[in-house]
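Structure file structure-v9.cif; described as mmCIF, C-alpha atoms.
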data_data
#
loop_
_atom_site.label_atom_id
_atom_site.label_comp_id
_atom_site.auth_asym_id
_atom_site.auth_seq_id
_atom_site.Cartn_x
_atom_site.Cartn_y
_atom_site.Cartn_z
CA MET A 1 14.90 11.41 -0.22
CA GLN A 2 15.71 13.28 2.93
CA GLU A 3 17.71 11.10 5.26
CA ARG A 4 17.77 12.42 8.80
CA ALA A 5 18.73 9.35 10.77
CA SER A 6 21.60 11.31 12.31
CA GLU A 7 19.28 14.02 13.60
CA ALA A 8 17.99 13.09 17.03
CA PRO A 9 14.54 14.52 17.76
CA LEU A 10 14.45 17.59 19.98
CA PRO A 11 13.97 16.79 23.69
CA ARG A 12 10.39 16.57 24.92
CA PRO A 13 9.12 19.66 26.77
CA LYS A 14 9.61 19.69 30.55
CA THR A 15 6.39 21.52 31.48
CA SER A 16 2.82 20.41 30.99
CA ARG A 17 2.16 23.67 29.16
CA GLY A 18 4.98 22.86 26.74
CA GLU A 19 3.63 19.34 26.30
CA ALA A 20 0.18 20.75 25.55
CA THR A 21 1.59 23.07 22.88
CA ARG A 22 3.54 20.21 21.31
CA GLN A 23 0.36 18.14 21.25
CA LYS A 24 -1.54 21.01 19.62
CA LEU A 25 1.13 21.19 16.92
CA ILE A 26 0.88 17.44 16.32
CA ASP A 27 -2.89 17.52 16.00
CA ALA A 28 -2.61 20.47 13.62
CA ALA A 29 0.04 18.64 11.58
CA ILE A 30 -2.23 15.62 11.21
CA ARG A 31 -4.93 17.84 9.73
CA GLU A 32 -2.60 19.98 7.61
CA ILE A 33 -0.53 17.11 6.16
CA GLY A 34 -3.49 14.73 5.94
CA ARG A 35 -5.50 17.28 4.01
CA ARG A 36 -2.90 18.93 1.77
CA GLY A 37 -0.29 16.20 1.45
CA PHE A 38 3.25 16.46 2.70
CA ALA A 39 4.64 18.48 -0.22
CA ASP A 40 1.96 21.17 -0.01
CA ALA A 41 1.74 21.28 3.78
CA SER A 42 3.78 24.05 5.38
CA VAL A 43 5.06 24.89 8.83
CA ALA A 44 3.11 28.16 8.53
CA GLY A 45 -0.06 26.17 7.82
CA ILE A 46 0.56 23.92 10.81
CA THR A 47 1.15 26.79 13.24
CA GLN A 48 -1.84 28.72 11.89
CA GLU A 49 -4.01 25.62 12.35
CA ALA A 50 -2.62 25.21 15.88
CA GLY A 51 -3.13 28.90 16.72
CA VAL A 52 0.50 29.53 17.71
CA ALA A 53 3.25 31.76 16.31
CA GLN A 54 5.26 30.25 13.47
CA GLY A 55 8.52 30.32 15.45
CA THR A 56 6.92 28.19 18.17
CA PHE A 57 7.07 25.21 15.81
CA TYR A 58 10.86 25.15 15.98
CA VAL A 59 10.85 24.96 19.77
CA TYR A 60 9.40 21.45 19.41
CA PHE A 61 10.44 20.16 15.97
CA ARG A 62 13.39 20.72 13.68
CA SER A 63 11.45 20.35 10.46
CA LYS A 64 8.30 19.22 8.69
CA GLU A 65 10.08 15.87 8.18
CA GLU A 66 10.53 15.42 11.91
CA VAL A 67 6.88 16.10 12.59
CA LEU A 68 5.89 13.53 9.95
CA ARG A 69 8.15 10.95 11.59
CA GLU A 70 6.43 11.67 14.91
CA LEU A 71 3.00 11.25 13.28
CA VAL A 72 3.98 7.85 11.85
CA LEU A 73 5.15 6.70 15.29
CA ARG A 74 1.89 7.88 16.83
CA MET A 75 -0.19 6.24 14.14
CA GLY A 76 1.54 2.94 14.92
CA ARG A 77 1.07 3.29 18.67
CA ARG A 78 -2.51 4.47 18.44
CA LEU A 79 -3.47 1.68 16.02
CA ARG A 80 -1.78 -1.03 18.11
CA HIS A 81 -3.48 0.24 21.25
CA PHE A 82 -6.85 0.30 19.51
CA LEU A 83 -6.41 -3.22 18.11
CA THR A 84 -5.23 -4.59 21.47
CA GLN A 85 -8.31 -3.19 23.16
CA ALA A 86 -10.58 -4.54 20.43
CA THR A 87 -9.18 -8.06 20.59
CA THR A 88 -8.77 -8.42 24.35
CA GLY A 89 -11.07 -11.16 25.53
CA ALA A 90 -11.16 -12.99 22.19
CA ALA A 91 -11.58 -16.71 22.79
CA ASP A 92 -8.82 -17.67 20.37
CA ARG A 93 -6.66 -16.37 17.50
CA LEU A 94 -9.38 -16.74 14.87
CA GLU A 95 -11.78 -14.67 16.93
CA ALA A 96 -9.01 -12.11 17.47
CA GLU A 97 -8.51 -11.93 13.69
CA ARG A 98 -12.21 -11.31 13.19
CA LEU A 99 -12.43 -8.64 15.88
CA GLY A 100 -9.14 -7.09 14.77
CA LEU A 101 -10.23 -6.74 11.16
CA VAL A 102 -13.47 -4.94 11.92
CA ALA A 103 -11.62 -2.70 14.41
CA PHE A 104 -8.96 -1.89 11.81
CA LEU A 105 -11.59 -0.94 9.24
CA ARG A 106 -13.29 1.33 11.76
CA PHE A 107 -9.95 2.90 12.64
CA VAL A 108 -9.24 3.67 8.98
CA ARG A 109 -12.64 5.21 8.44
CA ASP A 110 -12.28 7.34 11.58
CA ASN A 111 -8.65 8.34 10.90
CA PRO A 112 -8.34 8.93 7.16
CA ASP A 113 -5.62 11.58 7.65
CA LEU A 114 -3.37 9.29 9.63
CA TYR A 115 -3.79 6.49 7.08
CA ARG A 116 -2.57 8.77 4.33
CA ILE A 117 0.29 10.11 6.41
CA VAL A 118 1.79 6.65 6.84
CA ALA A 119 1.49 5.94 3.12
CA GLU A 120 3.15 9.23 2.25
CA ALA A 121 5.98 8.69 4.77
CA GLN A 122 7.27 6.04 2.34
CA PHE A 123 8.48 8.88 0.13
CA VAL A 124 9.59 11.29 2.82
CA ASP A 125 11.25 9.07 5.41
CA PHE A 126 11.55 5.54 4.15
CA GLU A 127 13.15 4.26 7.36
CA ALA A 128 10.21 5.47 9.47
CA TYR A 129 7.78 3.90 7.00
CA ARG A 130 9.58 0.59 6.96
CA ARG A 131 9.95 0.51 10.75
CA TYR A 132 6.20 1.07 11.06
CA TYR A 133 5.48 -2.09 9.08
CA ASP A 134 8.41 -4.14 10.36
CA ASP A 135 7.45 -3.53 14.01
CA PHE A 136 3.85 -4.36 13.33
CA ALA A 137 4.79 -7.52 11.41
CA ALA A 138 7.26 -8.70 14.06
CA ALA A 139 4.61 -8.49 16.80
CA TYR A 140 2.00 -10.13 14.54
CA GLU A 141 4.39 -12.96 13.73
CA GLU A 142 4.92 -13.76 17.42
CA VAL A 143 1.20 -13.83 18.04
CA LEU A 144 0.66 -16.20 15.11
CA LYS A 145 3.45 -18.54 16.24
CA ALA A 146 1.97 -18.70 19.73
CA ALA A 147 -1.45 -19.48 18.25
CA VAL A 148 0.06 -22.33 16.20
CA GLY A 149 1.62 -23.63 19.43
CA ARG A 150 -1.80 -23.65 21.09
CA GLY A 151 -3.36 -25.41 18.09
CA GLU A 152 -5.68 -22.47 17.41
CA ILE A 153 -4.52 -22.13 13.83
CA SER A 154 -2.82 -24.51 11.41
CA PRO A 155 0.99 -24.49 11.15
CA GLY A 156 2.41 -22.23 8.45
CA HIS A 157 5.00 -19.57 7.58
CA SER A 158 4.29 -16.96 10.27
CA GLY A 159 6.29 -14.22 8.55
CA VAL A 160 4.49 -14.49 5.23
CA ARG A 161 1.18 -14.85 7.06
CA ALA A 162 1.79 -11.69 9.09
CA TRP A 163 2.51 -9.62 5.97
CA ALA A 164 -0.35 -11.21 4.05
CA LEU A 165 -2.83 -10.45 6.84
CA MET A 166 -1.55 -6.87 7.03
CA GLY A 167 -2.00 -6.65 3.27
CA ILE A 168 -5.60 -7.86 3.47
CA ALA A 169 -6.43 -5.26 6.12
CA ASP A 170 -4.56 -2.53 4.25
CA MET A 171 -6.11 -3.03 0.82
CA VAL A 172 -9.63 -3.90 2.01
CA GLY A 173 -9.38 -0.90 4.34
CA GLN A 174 -8.34 1.37 1.51
CA ARG A 175 -11.22 0.28 -0.71
CA TYR A 176 -14.09 -0.13 1.74
CA ALA A 177 -13.23 2.11 4.70
CA LEU A 178 -11.16 4.93 3.21
CA TRP A 179 -12.62 5.41 -0.28
CA ASP A 180 -16.14 4.30 0.59
CA ASP A 181 -18.05 5.77 3.52
CA GLN A 182 -21.21 3.72 2.91
CA ALA A 183 -20.08 0.10 3.03
CA SER A 184 -21.04 -1.79 6.18
CA LEU A 185 -17.73 -2.46 7.88
CA GLU A 186 -19.19 -5.44 9.75
CA GLU A 187 -20.24 -7.05 6.48
CA ILE A 188 -16.91 -6.33 4.79
CA ALA A 189 -14.96 -7.62 7.78
CA ALA A 190 -17.06 -10.79 7.90
CA ALA A 191 -16.27 -11.46 4.23
CA GLY A 192 -12.58 -10.78 4.81
CA TYR A 193 -12.55 -12.98 7.88
CA ASP A 194 -14.09 -15.84 5.94
CA LEU A 195 -11.13 -15.74 3.54
CA ILE A 196 -8.64 -15.48 6.41
CA ALA A 197 -10.14 -18.41 8.27
CA HIS A 198 -11.02 -20.76 5.43
CA GLY A 199 -9.33 -19.64 2.25
CA LEU A 200 -10.79 -20.10 -1.22
CA SER A 201 -10.80 -23.90 -1.37
CA PRO A 202 -14.17 -25.45 -2.00
CA LYS A 203 -15.60 -26.78 1.25
CA PRO A 204 -15.29 -30.54 1.47
CA ALA A 205 -18.63 -32.34 1.58
CA GLY A 206 -19.90 -32.67 5.13
CA ASP A 207 -17.71 -29.82 6.45
CA ALA A 208 -20.13 -27.75 8.47
CA ARG A 209 -17.97 -24.63 8.92
CA MET B 1 -2.98 17.58 -5.36
CA GLN B 2 -2.78 18.41 -9.01
CA GLU B 3 -6.00 17.60 -10.81
CA ARG B 4 -5.62 17.40 -14.55
CA ALA B 5 -8.69 15.48 -15.58
CA SER B 6 -9.56 18.26 -18.03
CA GLU B 7 -6.21 18.00 -19.79
CA ALA B 8 -6.40 15.40 -22.54
CA PRO B 9 -3.05 13.74 -23.23
CA LEU B 10 -1.18 14.96 -26.30
CA PRO B 11 -1.89 12.92 -29.46
CA ARG B 12 0.40 9.93 -30.06
CA PRO B 13 3.16 10.49 -32.65
CA LYS B 14 2.32 9.63 -36.26
CA THR B 15 5.75 8.33 -37.29
CA SER B 16 7.63 5.32 -36.00
CA ARG B 17 10.57 7.61 -35.28
CA GLY B 18 8.33 9.77 -33.11
CA GLU B 19 6.96 6.69 -31.38
CA ALA B 20 10.51 5.50 -30.68
CA THR B 21 11.42 8.86 -29.12
CA ARG B 22 8.28 8.80 -26.98
CA GLN B 23 9.18 5.30 -25.84
CA LYS B 24 12.72 6.43 -25.00
CA LEU B 25 11.28 9.23 -22.86
CA ILE B 26 8.98 6.79 -21.04
CA ASP B 27 11.83 4.38 -20.29
CA ALA B 28 13.94 7.27 -19.05
CA ALA B 29 11.06 8.55 -16.90
CA ILE B 30 10.69 5.12 -15.27
CA ARG B 31 14.34 5.23 -14.26
CA GLU B 32 14.40 8.90 -13.27
CA ILE B 33 11.15 8.90 -11.25
CA GLY B 34 11.72 5.39 -9.89
CA ARG B 35 15.17 6.33 -8.64
CA ARG B 36 14.69 9.91 -7.41
CA GLY B 37 11.02 9.98 -6.57
CA PHE B 38 8.47 12.18 -8.29
CA ALA B 39 9.22 15.38 -6.38
CA ASP B 40 12.95 15.28 -7.11
CA ALA B 41 12.67 13.96 -10.67
CA SER B 42 12.87 16.65 -13.35
CA VAL B 43 12.04 16.96 -17.01
CA ALA B 44 15.71 17.88 -17.54
CA GLY B 45 16.74 14.65 -15.81
CA ILE B 46 14.37 12.61 -17.96
CA THR B 47 15.56 14.11 -21.25
CA GLN B 48 19.20 13.77 -20.24
CA GLU B 49 18.62 10.12 -19.35
CA ALA B 50 16.85 9.66 -22.71
CA GLY B 51 19.60 11.46 -24.62
CA VAL B 52 17.29 14.03 -26.24
CA ALA B 53 17.00 17.82 -26.02
CA GLN B 54 14.92 19.12 -23.13
CA GLY B 55 12.36 20.73 -25.43
CA THR B 56 11.69 17.37 -27.08
CA PHE B 57 9.87 16.27 -23.91
CA TYR B 58 7.07 18.75 -24.57
CA VAL B 59 6.43 17.40 -28.06
CA TYR B 60 5.15 14.23 -26.36
CA PHE B 61 4.00 15.19 -22.85
CA ARG B 62 2.57 18.33 -21.29
CA SER B 63 4.15 17.78 -17.90
CA LYS B 64 5.88 15.45 -15.47
CA GLU B 65 2.39 14.64 -14.13
CA GLU B 66 1.26 13.46 -17.55
CA VAL B 67 4.25 11.18 -17.92
CA LEU B 68 3.58 9.68 -14.48
CA ARG B 69 -0.02 8.99 -15.47
CA GLU B 70 1.26 7.21 -18.60
CA LEU B 71 3.67 5.15 -16.48
CA VAL B 72 0.86 4.02 -14.17
CA LEU B 73 -1.23 2.95 -17.17
CA ARG B 74 1.73 1.02 -18.56
CA MET B 75 2.48 -0.61 -15.24
CA GLY B 76 -1.11 -1.87 -15.13
CA ARG B 77 -1.04 -3.16 -18.71
CA ARG B 78 2.39 -4.74 -18.38
CA LEU B 79 1.51 -6.46 -15.10
CA ARG B 80 -1.82 -7.77 -16.39
CA HIS B 81 -0.15 -9.10 -19.52
CA PHE B 82 2.57 -10.76 -17.46
CA LEU B 83 0.05 -12.36 -15.08
CA THR B 84 -2.16 -13.55 -17.93
CA GLN B 85 0.79 -15.25 -19.55
CA ALA B 86 1.88 -16.80 -16.25
CA THR B 87 -1.54 -18.24 -15.45
CA THR B 88 -2.57 -19.42 -18.90
CA GLY B 89 -2.92 -23.17 -18.83
CA ALA B 90 -3.68 -23.34 -15.08
CA ALA B 91 -5.97 -26.30 -14.40
CA ASP B 92 -8.28 -24.25 -12.16
CA ARG B 93 -8.58 -21.01 -10.20
CA LEU B 94 -6.53 -22.22 -7.25
CA GLU B 95 -3.66 -23.17 -9.53
CA ALA B 96 -4.00 -19.79 -11.25
CA GLU B 97 -3.74 -18.09 -7.83
CA ARG B 98 -0.58 -20.03 -7.08
CA LEU B 99 1.04 -19.28 -10.44
CA GLY B 100 -0.15 -15.67 -10.33
CA LEU B 101 1.34 -15.02 -6.91
CA VAL B 102 4.82 -16.26 -7.78
CA ALA B 103 4.66 -14.34 -11.08
CA PHE B 104 3.64 -11.17 -9.26
CA LEU B 105 6.52 -11.48 -6.81
CA ARG B 106 8.95 -11.97 -9.68
CA PHE B 107 7.48 -8.95 -11.46
CA VAL B 108 7.97 -6.78 -8.37
CA ARG B 109 11.56 -7.89 -7.92
CA ASP B 110 12.33 -7.26 -11.60
CA ASN B 111 10.48 -3.92 -11.77
CA PRO B 112 11.13 -2.09 -8.50
CA ASP B 113 10.87 1.32 -10.19
CA LEU B 114 7.43 0.67 -11.58
CA TYR B 115 6.17 -0.60 -8.21
CA ARG B 116 7.22 2.62 -6.55
CA ILE B 117 5.79 4.76 -9.32
CA VAL B 118 2.29 3.37 -8.78
CA ALA B 119 2.51 3.93 -5.03
CA GLU B 120 3.66 7.50 -5.50
CA ALA B 121 0.93 8.23 -8.06
CA GLN B 122 -1.48 8.18 -5.12
CA PHE B 123 -0.14 11.59 -4.12
CA VAL B 124 0.34 13.04 -7.58
CA ASP B 125 -2.70 11.88 -9.50
CA PHE B 126 -5.15 10.13 -7.20
CA GLU B 127 -7.60 9.33 -10.03
CA ALA B 128 -4.92 7.46 -12.00
CA TYR B 129 -3.91 5.59 -8.86
CA ARG B 130 -7.45 4.62 -7.98
CA ARG B 131 -8.25 3.59 -11.55
CA TYR B 132 -5.22 1.33 -11.52
CA TYR B 133 -6.58 -0.62 -8.55
CA ASP B 134 -10.26 -0.40 -9.48
CA ASP B 135 -9.62 -1.82 -12.94
CA PHE B 136 -7.50 -4.58 -11.56
CA ALA B 137 -10.07 -5.42 -8.87
CA ALA B 138 -13.00 -5.39 -11.30
CA ALA B 139 -11.30 -7.93 -13.58
CA TYR B 140 -10.24 -10.04 -10.60
CA GLU B 141 -13.76 -10.05 -9.23
CA GLU B 142 -15.17 -11.40 -12.50
CA VAL B 143 -12.61 -14.18 -12.57
CA LEU B 144 -13.45 -15.15 -8.97
CA LYS B 145 -17.19 -15.16 -9.67
CA ALA B 146 -16.68 -17.40 -12.68
CA ALA B 147 -14.56 -19.77 -10.57
CA VAL B 148 -17.32 -19.97 -7.94
CA GLY B 149 -19.74 -20.80 -10.74
CA ARG B 150 -17.51 -23.69 -11.87
CA GLY B 151 -17.18 -24.93 -8.29
CA GLU B 152 -13.42 -24.34 -8.27
CA ILE B 153 -13.56 -22.16 -5.17
CA SER B 154 -16.08 -21.79 -2.37
CA PRO B 155 -18.80 -19.10 -2.64
CA GLY B 156 -17.93 -15.76 -1.04
CA HIS B 157 -17.87 -11.98 -1.42
CA SER B 158 -15.96 -11.61 -4.69
CA GLY B 159 -15.32 -7.90 -4.23
CA VAL B 160 -13.76 -8.21 -0.79
CA ARG B 161 -11.85 -11.28 -1.93
CA ALA B 162 -10.42 -9.46 -4.95
CA TRP B 163 -9.13 -6.58 -2.79
CA ALA B 164 -7.89 -8.95 -0.10
CA LEU B 165 -5.94 -11.03 -2.63
CA MET B 166 -4.47 -7.87 -4.14
CA GLY B 167 -3.49 -6.80 -0.64
CA ILE B 168 -1.73 -10.10 0.05
CA ALA B 169 0.27 -9.82 -3.17
CA ASP B 170 1.02 -6.15 -2.56
CA MET B 171 2.26 -6.41 1.04
CA VAL B 172 4.06 -9.76 0.66
CA GLY B 173 5.61 -8.37 -2.53
CA GLN B 174 6.76 -5.24 -0.75
CA ARG B 175 8.40 -7.19 2.07
CA TYR B 176 9.87 -10.21 0.29
CA ALA B 177 10.38 -9.12 -3.33
CA LEU B 178 11.00 -5.36 -3.14
CA TRP B 179 12.84 -4.91 0.19
CA ASP B 180 14.51 -8.32 0.19
CA ASP B 181 16.51 -9.59 -2.77
CA GLN B 182 17.49 -12.88 -1.12
CA ALA B 183 14.18 -14.53 -0.20
CA SER B 184 13.19 -17.46 -2.41
CA LEU B 185 10.11 -16.20 -4.23
CA GLU B 186 8.91 -19.77 -4.83
CA GLU B 187 9.00 -20.49 -1.09
CA ILE B 188 7.31 -17.20 -0.19
CA ALA B 189 4.62 -17.69 -2.84
CA ALA B 190 3.98 -21.26 -1.63
CA ALA B 191 3.43 -19.97 1.91
CA GLY B 192 1.15 -17.19 0.67
CA TYR B 193 -0.76 -19.63 -1.51
CA ASP B 194 -1.33 -21.93 1.45
CA LEU B 195 -3.09 -19.07 3.27
CA ILE B 196 -5.09 -18.14 0.15
CA ALA B 197 -6.24 -21.70 -0.44
CA HIS B 198 -6.81 -22.94 3.11
CA GLY B 199 -6.86 -20.01 5.50
CA LEU B 200 -5.66 -20.17 9.09
CA SER B 201 -8.20 -22.65 10.46
CA PRO B 202 -6.73 -25.77 11.99
CA LYS B 203 -7.04 -28.68 9.57
CA PRO B 204 -9.86 -30.99 10.53
CA ALA B 205 -8.66 -34.48 11.41
CA GLY B 206 -8.51 -36.71 8.36
CA ASP B 207 -8.45 -33.80 5.90
CA ALA B 208 -5.72 -34.76 3.46
CA ARG B 209 -5.33 -31.38 1.77
#
Can the structure in the file be given as structure tokens, please?
Amino acid sequence: MQERASEAPLPRPKTSRGEATRQKLIDAAIREIGRRGFADASVAGITQEAGVAQGTFYVYFRSKEEVLRELVLRMGRRLRHFLTQATTGAADRLEAERLGLVAFLRFVRDNPDLYRIVAEAQFVDFEAYRRYYDDFAAAYEEVLKAAVGRGEISPGHSGVRAWALMGIADMVGQRYALWDDQASLEEIAAAGYDLIAHGLSPKPAGDAR
Amino acid sequence: MQERASEAPLPRPKTSRGEATRQKLIDAAIREIGRRGFADASVAGITQEAGVAQGTFYVYFRSKEEVLRELVLRMGRRLRHFLTQATTGAADRLEAERLGLVAFLRFVRDNPDLYRIVAEAQFVDFEAYRRYYDDFAAAYEEVLKAAVGRGEISPGHSGVRAWALMGIADMVGQRYALWDDQASLEEIAAAGYDLIAHGLSPKPAGDAR
């Protein structure tokens, strides 16, 4: 596995024109790597897709690996931003879980390339892959602890819960949002939320949930 | 991505000596691909690891892709067998979930190479990867439906539940069994089981679960 922890990314461009070119290269890399996979994607393919000369790539990135690392970072930021927006205004943690799950499924269906890029990063830049999940889990854990403190959810192991909830979203997203473009995401999210909120236990008699 | 659906696997060896050599190659491939990753693993590395001549590989497999496909099939069979053994004798579905989760975590910790091989198959042979999960989910779904029928678990969307439960095991396994060799798997499984059985909802007053 390529380890490039010692290679700092190239500095960001100083002009807005440079920033626009860098952004064009990133968008092209999402399409090229998302479509062909990392091994088959090439710098030439990325620059062709972006409509710039091949040498321009190296003004902004050292390598295909560096661009993938940047895409994983963006995927994380974009997803977190999207989920924050979707869950703002939720009455409590359970409602936030419900809104967050349907938003995640929509995000996966709308961004199939980015979903794949993160999965593939595991084999190209393990540290970037792991950081993606660790950062997400750490933030999730804090949110769950705070919700326990407010009595919105039952007490429990917040770390395991964070990873388990990420796992539910990830695998249900893969099956029903990524591989299947017909399933109703609202219906799927409602079923997933029911498990998250209540678990599998038979409902006690008289429990009106 | 390489598509080899039209390539039938080579016939299995007719002698027990041939079968033993094939098995040696498979064990060596698990180590070679698990350790180096699919892209960097080579047929030469596999045969060296197995202690056979390089040409011997092609008596049993057409390509590195074919051997990976075989490894994914084996991973599925071995895991299912292991989980069946671990959950036999469970009093009901909830107990089977509890026993199955701790067994899965132990399996991941003991078989890190195989875990990685399945994940990487996604980018080498998507059909094999998808079949691995689809088969697992289909069997899981049937088991959940039967448990609903016996009143052991509450009614719900068995398909979404199957994928969600696989996702919990997968992500919790990645974090606490694959990346972490210190965490107590019993403790982690107990926390995961609590979510699976009861969900996040605050416990109603007087509920003695």
Determine which residues of chain B sit within 9 Å of chain A, taking into account all atoms listed in the file, and present them as a ChimeraX atom specification.
/B:1,36-37,39-40,94,119-120,122-123,134,148,151-158,160-172,175-176,188-189,191-192,194-204,207
Can those selected residues be exported to a file as a short mmCIF file (atom, residue, chain, number, x, y, z; two decimals), in the frame of the given file so that it contains C-alpha atoms?
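This is the output file selection-v8.cif:
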data_model
loop_
_atom_site.label_atom_id
_atom_site.label_comp_id
_atom_site.auth_asym_id
_atom_site.auth_seq_id
_atom_site.Cartn_x
_atom_site.Cartn_y
_atom_site.Cartn_z
CA MET B 1 -2.98 17.58 -5.36
CA ARG B 36 14.69 9.91 -7.41
CA GLY B 37 11.02 9.98 -6.57
CA ALA B 39 9.22 15.38 -6.38
CA ASP B 40 12.95 15.28 -7.11
CA LEU B 94 -6.53 -22.22 -7.25
CA ALA B 119 2.51 3.93 -5.03
CA GLU B 120 3.66 7.50 -5.50
CA GLN B 122 -1.48 8.18 -5.12
CA PHE B 123 -0.14 11.59 -4.12
CA ASP B 134 -10.26 -0.40 -9.48
CA VAL B 148 -17.32 -19.97 -7.94
CA GLY B 151 -17.18 -24.93 -8.29
CA GLU B 152 -13.42 -24.34 -8.27
CA ILE B 153 -13.56 -22.16 -5.17
CA SER B 154 -16.08 -21.79 -2.37
CA PRO B 155 -18.80 -19.10 -2.64
CA GLY B 156 -17.93 -15.76 -1.04
CA HIS B 157 -17.87 -11.98 -1.42
CA SER B 158 -15.96 -11.61 -4.69
CA VAL B 160 -13.76 -8.21 -0.79
CA ARG B 161 -11.85 -11.28 -1.93
CA ALA B 162 -10.42 -9.46 -4.95
CA TRP B 163 -9.13 -6.58 -2.79
CA ALA B 164 -7.89 -8.95 -0.10
CA LEU B 165 -5.94 -11.03 -2.63
CA MET B 166 -4.47 -7.87 -4.14
CA GLY B 167 -3.49 -6.80 -0.64
CA ILE B 168 -1.73 -10.10 0.05
CA ALA B 169 0.27 -9.82 -3.17
CA ASP B 170 1.02 -6.15 -2.56
CA MET B 171 2.26 -6.41 1.04
CA VAL B 172 4.06 -9.76 0.66
CA ARG B 175 8.40 -7.19 2.07
CA TYR B 176 9.87 -10.21 0.29
CA ILE B 188 7.31 -17.20 -0.19
CA ALA B 189 4.62 -17.69 -2.84
CA ALA B 191 3.43 -19.97 1.91
CA GLY B 192 1.15 -17.19 0.67
CA ASP B 194 -1.33 -21.93 1.45
CA LEU B 195 -3.09 -19.07 3.27
CA ILE B 196 -5.09 -18.14 0.15
CA ALA B 197 -6.24 -21.70 -0.44
CA HIS B 198 -6.81 -22.94 3.11
CA GLY B 199 -6.86 -20.01 5.50
CA LEU B 200 -5.66 -20.17 9.09
CA SER B 201 -8.20 -22.65 10.46
CA PRO B 202 -6.73 -25.77 11.99
CA LYS B 203 -7.04 -28.68 9.57
CA PRO B 204 -9.86 -30.99 10.53
CA ASP B 207 -8.45 -33.80 5.90
#
Residue contacts of Leu68 (chain A) (8 Å, only C-alpha atoms) excluding same-chain residues fewer than 2 positions away, as a list in words
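Everything that qualifies: Ala29, Lys64, Glu65, Glu66, Glu70, Leu71, Val72, Ile117 and Ala121 of chain A.
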Students should find that CA of Ala8 (chain A) and CA of Leu25 (chain A) are spaced 18.7 Å
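Our summary of the geometry notes that CA of Arg150 (chain B) is positioned 20.0 Å from CA of Ala137 (chain B).
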Length of the CA of Tyr140 (chain B) to CA of Leu114 (chain B) vector [Å]:
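One can read the CA of Tyr140 (chain B) to CA of Leu114 (chain B) distance as 20.7 Å.
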At a cut-off of 10 Å, using all atoms listed in the file, what residues contact Ser63 (chain A)? Leave out same-chain residues fewer than 5 positions from it and give the result as a VMD selection string.
chain A and resid 9 42 to 43 57 to 58 68
Pick from A:Arg80, A:Arg106, A:Arg98, A:Lys14: nearest to Ala139 (chain A), with all atoms listed in the file counted?
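The answer is A:Arg80, which sits nearest to Ala139 (chain A).
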If you count all atoms listed in the file, which residues fall within 12 Å of His81 (chain B), apart from same-chain ones fewer than 6 positions away, as a list in words?
Arg74, Met75, Thr87, Thr88, Gly100, Ala103, Phe104, Phe107 and Phe136 of chain B
I need the residues from that last selection saved to file as a compact mmCIF listing (two decimals), in the frame of the given file (with C-alpha atoms), if you can.
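Done, and the output landed in result-v5.txt:
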# COMPACT_ATOMS: atom_id res chain seq x y z
CA ARG B 74 1.73 1.02 -18.56
CA MET B 75 2.48 -0.61 -15.24
CA THR B 87 -1.54 -18.24 -15.45
CA THR B 88 -2.57 -19.42 -18.90
CA GLY B 100 -0.15 -15.67 -10.33
CA ALA B 103 4.66 -14.34 -11.08
CA PHE B 104 3.64 -11.17 -9.26
CA PHE B 107 7.48 -8.95 -11.46
CA PHE B 136 -7.50 -4.58 -11.56
Env of Pro13 (chain B): 10 Å cut, atoms = all atoms listed in the file, seq-sep filter 6 positions within chain, self excluded. Answer as a PDB file with C-alpha atoms, in the coordinates of the input.
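Just written: out09.pdb:
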ATOM      1  CA  GLU B  19       6.960   6.690 -31.380  1.00  0.00           C
ATOM      2  CA  ALA B  20      10.510   5.500 -30.680  1.00  0.00           C
ATOM      3  CA  THR B  21      11.420   8.860 -29.120  1.00  0.00           C
ATOM      4  CA  ARG B  22       8.280   8.800 -26.980  1.00  0.00           C
ATOM      5  CA  VAL B  59       6.430  17.400 -28.060  1.00  0.00           C
ATOM      6  CA  TYR B  60       5.150  14.230 -26.360  1.00  0.00           C
TER       7      TYR B  60
END
